[in-house]
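Peer 1: Please see the structure below; I have some questions.
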Amino acid sequence: MKTLKIPEATIMRLSVYSRYLSEIDRKGIITISSGDIAEGVGVSPAQVRKDLAYFGEFGIRGVGYNVKDLHRHILKILGLSEGWNLALIGIGNLGLALSTYRGFKDRGFNITCIFDNNPEKVGMVINGIEVLHTDKIEEIIPQRKTQIAAITVPADAAQDVADKLVKAGIKAILNFAPVVLNVPPEIELRNVDLAVNLEVLTFNLGGRMA
Ligand code: NAD
């Protein structure tokens with residue numbers, strides 16, 4: 001399964017399907033059709049079937065999918081069945097918002113450590129986690145078996161933070177700082193930029209109005 005090249009758009013949709021299935025499961029619904037999933041998340045039934053077909057046959061023709069089984073399977077595909085430890089670096093406006101976002105925990109992401117270099121923030125306790133100085137990144141990240149880090153520091157500090165994280169043995173970085181980071185190729189790096197998404201919206205609006 002690992003050797004198959006799965007389009008990134010499919011992976012993103014799987015994440016959306018999984019959130020929807022979790023909601024459906026909570027409502028006590030046992031089976032669901034691709035049409036129901038499609039309607040629930042706003043894509044076509046054919047797209048749902050195509051996405052799921054990458055990973056083998058799940059559903060029973062005419063019956064649909066068992067909600068719990070499909071949800072469990074998608075979580076496994078997304079690598080979410082075991083949970084992941086997450087570090088947060090930079091506890092400013094964005095860092096604070098992320099650290100108090102309950103959705104991470106619900107999706108299997110467990111914030112294990114928070115770092116900042118501001119002496120006024122070091123020692124603060126957020127959701128039961130003490131903010132530590134960034135000097136401790138190399139010691140604490142392996143100790144708390146943390147594989148993923150979110151960088152929410154100003155752009156000019158982000159590369160230095162990324163270097164520290166790489167030295168600490170981090171496997172993946174979610175970078176919110178508006179800067180291109182240099183990291184070794186084995187590190188999974190994703191940049192998040194809400195402005196880019198807004199620009200996609202304005203492009204689409206512009207296209208529709210043209
Ligand atoms: P902020 O100034 O409120 O917080 C930054 C935090 O980083 C502060 O707590 C500061 O003490 C800490 N910090 C500064 N230098 C550091 C260093 N070397 N090591 C550790 N901690 C350090 O800023 P914010 O509004 O929370 O934004 C944080 C980052 O996220 C910025 O780069 C901003 O541009 C970016 N941002 C991105 C998006 C997005 O869509 N991706 C949205 C908002 C903000």
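In the structure tokens, the first chain shown is A, the next is B, and so on; residue numbers restart at 1 for each chain, and ligands run from 1 in the order shown.
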Would you pick out the contacts of Thr152 (chain A) at 7 Å or less, using only C-alpha atoms, so that residues sharing its chain but fewer than 2 positions from it are not included, and give the list as an mmCIF file with N, CA, C and O atoms, in the first residue's frame?
Peer 2:
```cif
data_model
loop_
_atom_site.group_PDB
_atom_site.id
_atom_site.type_symbol
_atom_site.label_atom_id
_atom_site.label_comp_id
_atom_site.auth_asym_id
_atom_site.auth_seq_id
_atom_site.Cartn_x
_atom_site.Cartn_y
_atom_site.Cartn_z
ATOM 1 N N ILE A 89 5.967 25.445 19.326
ATOM 2 C CA ILE A 89 7.044 26.382 19.636
ATOM 3 C C ILE A 89 6.572 27.787 19.306
ATOM 4 O O ILE A 89 6.306 28.099 18.138
ATOM 5 N N GLY A 90 6.473 28.605 20.333
ATOM 6 C CA GLY A 90 5.986 29.974 20.196
ATOM 7 C C GLY A 90 4.572 30.079 20.728
ATOM 8 O O GLY A 90 3.614 29.698 20.055
ATOM 9 N N LEU A 94 -1.192 32.911 18.036
ATOM 10 C CA LEU A 94 -1.528 31.696 17.301
ATOM 11 C C LEU A 94 -1.236 30.441 18.133
ATOM 12 O O LEU A 94 -2.056 29.521 18.200
ATOM 13 N N GLY A 95 -0.067 30.427 18.761
ATOM 14 C CA GLY A 95 0.324 29.270 19.576
ATOM 15 C C GLY A 95 -0.690 28.988 20.675
ATOM 16 O O GLY A 95 -1.058 27.843 20.929
ATOM 17 N N ALA A 150 4.818 22.041 15.754
ATOM 18 C CA ALA A 150 4.202 23.174 15.063
ATOM 19 C C ALA A 150 5.014 24.421 15.421
ATOM 20 O O ALA A 150 5.268 24.677 16.602
ATOM 21 N N PRO A 154 7.766 34.185 15.238
ATOM 22 C CA PRO A 154 7.909 35.129 14.119
ATOM 23 C C PRO A 154 8.839 34.563 13.039
ATOM 24 O O PRO A 154 9.710 33.732 13.333
ATOM 25 N N ASN A 175 4.724 24.254 9.746
ATOM 26 C CA ASN A 175 5.246 25.615 9.894
ATOM 27 C C ASN A 175 4.194 26.666 9.578
ATOM 28 O O ASN A 175 3.672 26.724 8.468
ATOM 29 N N PHE A 176 3.898 27.493 10.568
ATOM 30 C CA PHE A 176 2.936 28.583 10.349
ATOM 31 C C PHE A 176 3.635 29.904 10.022
ATOM 32 O O PHE A 176 2.970 30.863 9.626
ATOM 33 N N ALA A 177 4.946 29.967 10.238
ATOM 34 C CA ALA A 177 5.661 31.236 10.007
ATOM 35 C C ALA A 177 5.799 31.478 8.501
ATOM 36 O O ALA A 177 6.084 30.549 7.748
#
```
Peer 1: Contacts between ligand 1 and chain A, please, where a residue of chain A counts if it comes within 10 Å (with only C-alpha atoms and all ligand atoms); show its shortest atom pair and distance in Å to one decimal, rows by chain and ascending number, as JSON lines.
Peer 2:
```
{"residue": "A:Leu88", "atom": "CA", "partner": "ligand 1", "partner_atom_place_in_ligand_line": "21 (N)", "distance": 9.5}
{"residue": "A:Ile89", "atom": "CA", "partner": "ligand 1", "partner_atom_place_in_ligand_line": "20 (C)", "distance": 5.8}
{"residue": "A:Gly90", "atom": "CA", "partner": "ligand 1", "partner_atom_place_in_ligand_line": "7 (O)", "distance": 3.6}
{"residue": "A:Ile91", "atom": "CA", "partner": "ligand 1", "partner_atom_place_in_ligand_line": "9 (O)", "distance": 4.2}
{"residue": "A:Gly92", "atom": "CA", "partner": "ligand 1", "partner_atom_place_in_ligand_line": "4 (O)", "distance": 3.1}
{"residue": "A:Asn93", "atom": "CA", "partner": "ligand 1", "partner_atom_place_in_ligand_line": "26 (O)", "distance": 3.6}
{"residue": "A:Leu94", "atom": "CA", "partner": "ligand 1", "partner_atom_place_in_ligand_line": "26 (O)", "distance": 3.6}
{"residue": "A:Gly95", "atom": "CA", "partner": "ligand 1", "partner_atom_place_in_ligand_line": "26 (O)", "distance": 5.5}
{"residue": "A:Leu96", "atom": "CA", "partner": "ligand 1", "partner_atom_place_in_ligand_line": "26 (O)", "distance": 7.4}
{"residue": "A:Ala97", "atom": "CA", "partner": "ligand 1", "partner_atom_place_in_ligand_line": "26 (O)", "distance": 8.3}
{"residue": "A:Leu98", "atom": "CA", "partner": "ligand 1", "partner_atom_place_in_ligand_line": "26 (O)", "distance": 9.5}
{"residue": "A:Ile114", "atom": "CA", "partner": "ligand 1", "partner_atom_place_in_ligand_line": "20 (C)", "distance": 9.5}
{"residue": "A:Phe115", "atom": "CA", "partner": "ligand 1", "partner_atom_place_in_ligand_line": "20 (C)", "distance": 6.2}
{"residue": "A:Asp116", "atom": "CA", "partner": "ligand 1", "partner_atom_place_in_ligand_line": "21 (N)", "distance": 3.7}
{"residue": "A:Asn117", "atom": "CA", "partner": "ligand 1", "partner_atom_place_in_ligand_line": "20 (C)", "distance": 4.3}
{"residue": "A:Asn118", "atom": "CA", "partner": "ligand 1", "partner_atom_place_in_ligand_line": "11 (O)", "distance": 4.5}
{"residue": "A:Pro119", "atom": "CA", "partner": "ligand 1", "partner_atom_place_in_ligand_line": "11 (O)", "distance": 8.2}
{"residue": "A:Glu120", "atom": "CA", "partner": "ligand 1", "partner_atom_place_in_ligand_line": "11 (O)", "distance": 8.3}
{"residue": "A:Lys121", "atom": "CA", "partner": "ligand 1", "partner_atom_place_in_ligand_line": "9 (O)", "distance": 7.0}
{"residue": "A:Val122", "atom": "CA", "partner": "ligand 1", "partner_atom_place_in_ligand_line": "11 (O)", "distance": 9.1}
{"residue": "A:Leu132", "atom": "CA", "partner": "ligand 1", "partner_atom_place_in_ligand_line": "20 (C)", "distance": 9.5}
{"residue": "A:His133", "atom": "CA", "partner": "ligand 1", "partner_atom_place_in_ligand_line": "20 (C)", "distance": 7.4}
{"residue": "A:Thr134", "atom": "CA", "partner": "ligand 1", "partner_atom_place_in_ligand_line": "20 (C)", "distance": 5.6}
{"residue": "A:Asp135", "atom": "CA", "partner": "ligand 1", "partner_atom_place_in_ligand_line": "19 (N)", "distance": 8.7}
{"residue": "A:Ile137", "atom": "CA", "partner": "ligand 1", "partner_atom_place_in_ligand_line": "20 (C)", "distance": 9.9}
{"residue": "A:Ala150", "atom": "CA", "partner": "ligand 1", "partner_atom_place_in_ligand_line": "30 (O)", "distance": 9.9}
{"residue": "A:Ile151", "atom": "CA", "partner": "ligand 1", "partner_atom_place_in_ligand_line": "29 (C)", "distance": 7.4}
{"residue": "A:Thr152", "atom": "CA", "partner": "ligand 1", "partner_atom_place_in_ligand_line": "29 (C)", "distance": 4.2}
{"residue": "A:Val153", "atom": "CA", "partner": "ligand 1", "partner_atom_place_in_ligand_line": "7 (O)", "distance": 3.7}
{"residue": "A:Pro154", "atom": "CA", "partner": "ligand 1", "partner_atom_place_in_ligand_line": "32 (O)", "distance": 3.5}
{"residue": "A:Ala155", "atom": "CA", "partner": "ligand 1", "partner_atom_place_in_ligand_line": "32 (O)", "distance": 4.5}
{"residue": "A:Asp156", "atom": "CA", "partner": "ligand 1", "partner_atom_place_in_ligand_line": "15 (N)", "distance": 7.8}
{"residue": "A:Ala157", "atom": "CA", "partner": "ligand 1", "partner_atom_place_in_ligand_line": "18 (N)", "distance": 4.5}
{"residue": "A:Ala158", "atom": "CA", "partner": "ligand 1", "partner_atom_place_in_ligand_line": "18 (N)", "distance": 6.9}
{"residue": "A:Gln159", "atom": "CA", "partner": "ligand 1", "partner_atom_place_in_ligand_line": "18 (N)", "distance": 8.9}
{"residue": "A:Asp160", "atom": "CA", "partner": "ligand 1", "partner_atom_place_in_ligand_line": "18 (N)", "distance": 6.8}
{"residue": "A:Val161", "atom": "CA", "partner": "ligand 1", "partner_atom_place_in_ligand_line": "19 (N)", "distance": 6.1}
{"residue": "A:Ala162", "atom": "CA", "partner": "ligand 1", "partner_atom_place_in_ligand_line": "19 (N)", "distance": 9.8}
{"residue": "A:Lys164", "atom": "CA", "partner": "ligand 1", "partner_atom_place_in_ligand_line": "19 (N)", "distance": 9.8}
{"residue": "A:Leu174", "atom": "CA", "partner": "ligand 1", "partner_atom_place_in_ligand_line": "41 (N)", "distance": 9.5}
{"residue": "A:Asn175", "atom": "CA", "partner": "ligand 1", "partner_atom_place_in_ligand_line": "41 (N)", "distance": 7.3}
{"residue": "A:Phe176", "atom": "CA", "partner": "ligand 1", "partner_atom_place_in_ligand_line": "41 (N)", "distance": 3.9}
{"residue": "A:Ala177", "atom": "CA", "partner": "ligand 1", "partner_atom_place_in_ligand_line": "32 (O)", "distance": 3.5}
{"residue": "A:Pro178", "atom": "CA", "partner": "ligand 1", "partner_atom_place_in_ligand_line": "34 (O)", "distance": 5.4}
{"residue": "A:Val179", "atom": "CA", "partner": "ligand 1", "partner_atom_place_in_ligand_line": "32 (O)", "distance": 7.9}
{"residue": "A:Asn191", "atom": "CA", "partner": "ligand 1", "partner_atom_place_in_ligand_line": "41 (N)", "distance": 7.3}
{"residue": "A:Val192", "atom": "CA", "partner": "ligand 1", "partner_atom_place_in_ligand_line": "41 (N)", "distance": 4.6}
{"residue": "A:Asp193", "atom": "CA", "partner": "ligand 1", "partner_atom_place_in_ligand_line": "41 (N)", "distance": 3.6}
{"residue": "A:Leu194", "atom": "CA", "partner": "ligand 1", "partner_atom_place_in_ligand_line": "40 (O)", "distance": 3.6}
{"residue": "A:Ala195", "atom": "CA", "partner": "ligand 1", "partner_atom_place_in_ligand_line": "40 (O)", "distance": 5.9}
{"residue": "A:Val196", "atom": "CA", "partner": "ligand 1", "partner_atom_place_in_ligand_line": "40 (O)", "distance": 7.9}
{"residue": "A:Asn197", "atom": "CA", "partner": "ligand 1", "partner_atom_place_in_ligand_line": "40 (O)", "distance": 8.6}
{"residue": "A:Leu198", "atom": "CA", "partner": "ligand 1", "partner_atom_place_in_ligand_line": "40 (O)", "distance": 9.5}
```
Peer 1: I'd like the neighbourhood of Asp163 (chain A) as a PyMOL selection string, where a residue qualifies if any of its atoms comes within 10 Å (using only C-alpha atoms), though same-chain residues fewer than 4 positions away should be ignored.
Peer 2: chain A and resi 158-159+167-168+170+181-184
Peer 1: Hey, what's within 6 Å of Val67 (chain A) if we count only C-alpha atoms and toss same-chain stuff fewer than 4 positions away? As a compact mmCIF listing (two decimals) with N, CA and C atoms, in the first residue's frame, please?
Peer 2:
```txt
# COMPACT_ATOMS: atom_id res chain seq x y z
N ILE A 30 -25.21 2.99 11.85
CA ILE A 30 -24.39 1.78 11.67
C ILE A 30 -23.78 1.69 10.27
N THR A 31 -24.61 1.93 9.24
CA THR A 31 -24.08 1.83 7.87
C THR A 31 -24.35 3.12 7.10
N HIS A 71 -14.43 4.11 9.44
CA HIS A 71 -13.76 5.16 10.19
C HIS A 71 -12.42 4.66 10.71
```
Peer 1: Considering only C-alpha atoms, return as a PyMOL selection string whatever protein or nucleic-acid residues lie within 12 Å of Ala9 (chain A), sequence-local ones (same chain, fewer than 4 positions apart) excluded.
Peer 2: chain A and resi 5+13-16+47-48+50-51
Peer 1: What residues in region 38-173 of chain A get the DSSP label strand (DSSP E)? Please answer as a list of chain:residue names.
Peer 2: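 Written out, the strand (DSSP E) residues of region 38-173 of chain A are A:Tyr65, A:Asn66, A:Trp84, A:Asn85, A:Leu86, A:Ala87, A:Leu88, A:Ile89, A:Phe109, A:Asn110, A:Ile111, A:Thr112, A:Cys113, A:Ile114, A:Phe115, A:Asp116, A:Val125, A:Ile126, A:Ile129, A:Glu130, A:Val131, A:Leu132, A:His133, A:Ile148, A:Ala149, A:Ala150, A:Ile151, A:Ala172, A:Ile173.
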Peer 1: With only C-alpha atoms as the counted atoms, please give the residues lying no more than 10 Å from Leu75 (chain A), apart from itself and same-chain residues fewer than 3 positions off, as an MDAnalysis selection string.
Peer 2: chainID A and resid 14:15 17:19 69:72 78:83 107:108
Peer 1: Using only C-alpha atoms, find the one residue out of A:Gly35, A:Gly206, A:Gly42, A:Gly28 that sits nearest to Tyr65 (chain A).
Peer 2: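 Distance minimum relative to Tyr65 (chain A) lands on A:Gly35.
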Peer 1: Near Glu188 (chain A), counting only C-alpha atoms, which residues have an atom at most 7 Å away, once you skip same-chain residues fewer than 2 positions from it, shown as a list in words?
Peer 2: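 Answer for this query is Lys171, Ala172, Ile173, Glu186 and Arg190 of chain A.
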Peer 1: Any chance you could export the current selection's N, CA and C atoms as an mmCIF file, in the first residue's frame?
Peer 2:
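Wrote it out as selection07.cif, contents follow:
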```
data_model
loop_
_atom_site.group_PDB
_atom_site.id
_atom_site.type_symbol
_atom_site.label_atom_id
_atom_site.label_comp_id
_atom_site.auth_asym_id
_atom_site.auth_seq_id
_atom_site.Cartn_x
_atom_site.Cartn_y
_atom_site.Cartn_z
ATOM 1 N N LYS A 171 10.342 14.482 13.537
ATOM 2 C CA LYS A 171 10.137 13.796 12.234
ATOM 3 C C LYS A 171 9.348 14.668 11.253
ATOM 4 N N ALA A 172 8.519 15.556 11.792
ATOM 5 C CA ALA A 172 7.663 16.358 10.916
ATOM 6 C C ALA A 172 7.432 17.743 11.521
ATOM 7 N N ILE A 173 7.343 18.730 10.635
ATOM 8 C CA ILE A 173 7.138 20.110 11.091
ATOM 9 C C ILE A 173 5.942 20.721 10.364
ATOM 10 N N GLU A 186 14.497 14.199 4.811
ATOM 11 C CA GLU A 186 13.728 13.161 5.531
ATOM 12 C C GLU A 186 12.703 13.753 6.495
ATOM 13 N N ARG A 190 5.373 20.842 6.288
ATOM 14 C CA ARG A 190 4.190 21.444 5.660
ATOM 15 C C ARG A 190 4.068 22.874 6.135
#
```
Peer 1: Rounded to one decimal, what separation in Å do you get between CA of Phe55 (chain A) and CA of Ser34 (chain A)?
Peer 2: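 Value for the CA of Phe55 (chain A)-CA of Ser34 (chain A) distance: 14.8 Å.
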Peer 1: Quick one: distance from CA of Ala149 (chain A) to CA of Ser99 (chain A) in Å, one decimal?
Peer 2: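 Pair CA of Ala149 (chain A) / CA of Ser99 (chain A) returns 11.9 Å.
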Peer 1: Using CA of Thr10 (chain A) and CA of Gly64 (chain A) as the two end points, give the distance in Å to one decimal.
Peer 2: 19.8 Å
Peer 1: I need the residue nearest Gln143 (chain A) from this list: A:Ala87, A:Leu189, A:Ala46, A:Val180. Use only C-alpha atoms for the distance.
Peer 2: A:Ala87
Peer 1: Can you list every residue in chain A that DSSP puts in helix (DSSP H, G or I), as a PyMOL selection string?
Peer 2: chain A and resi 8-26+34-41+45-53+67-77+93-99+102-106+134-143+155-168+194-209
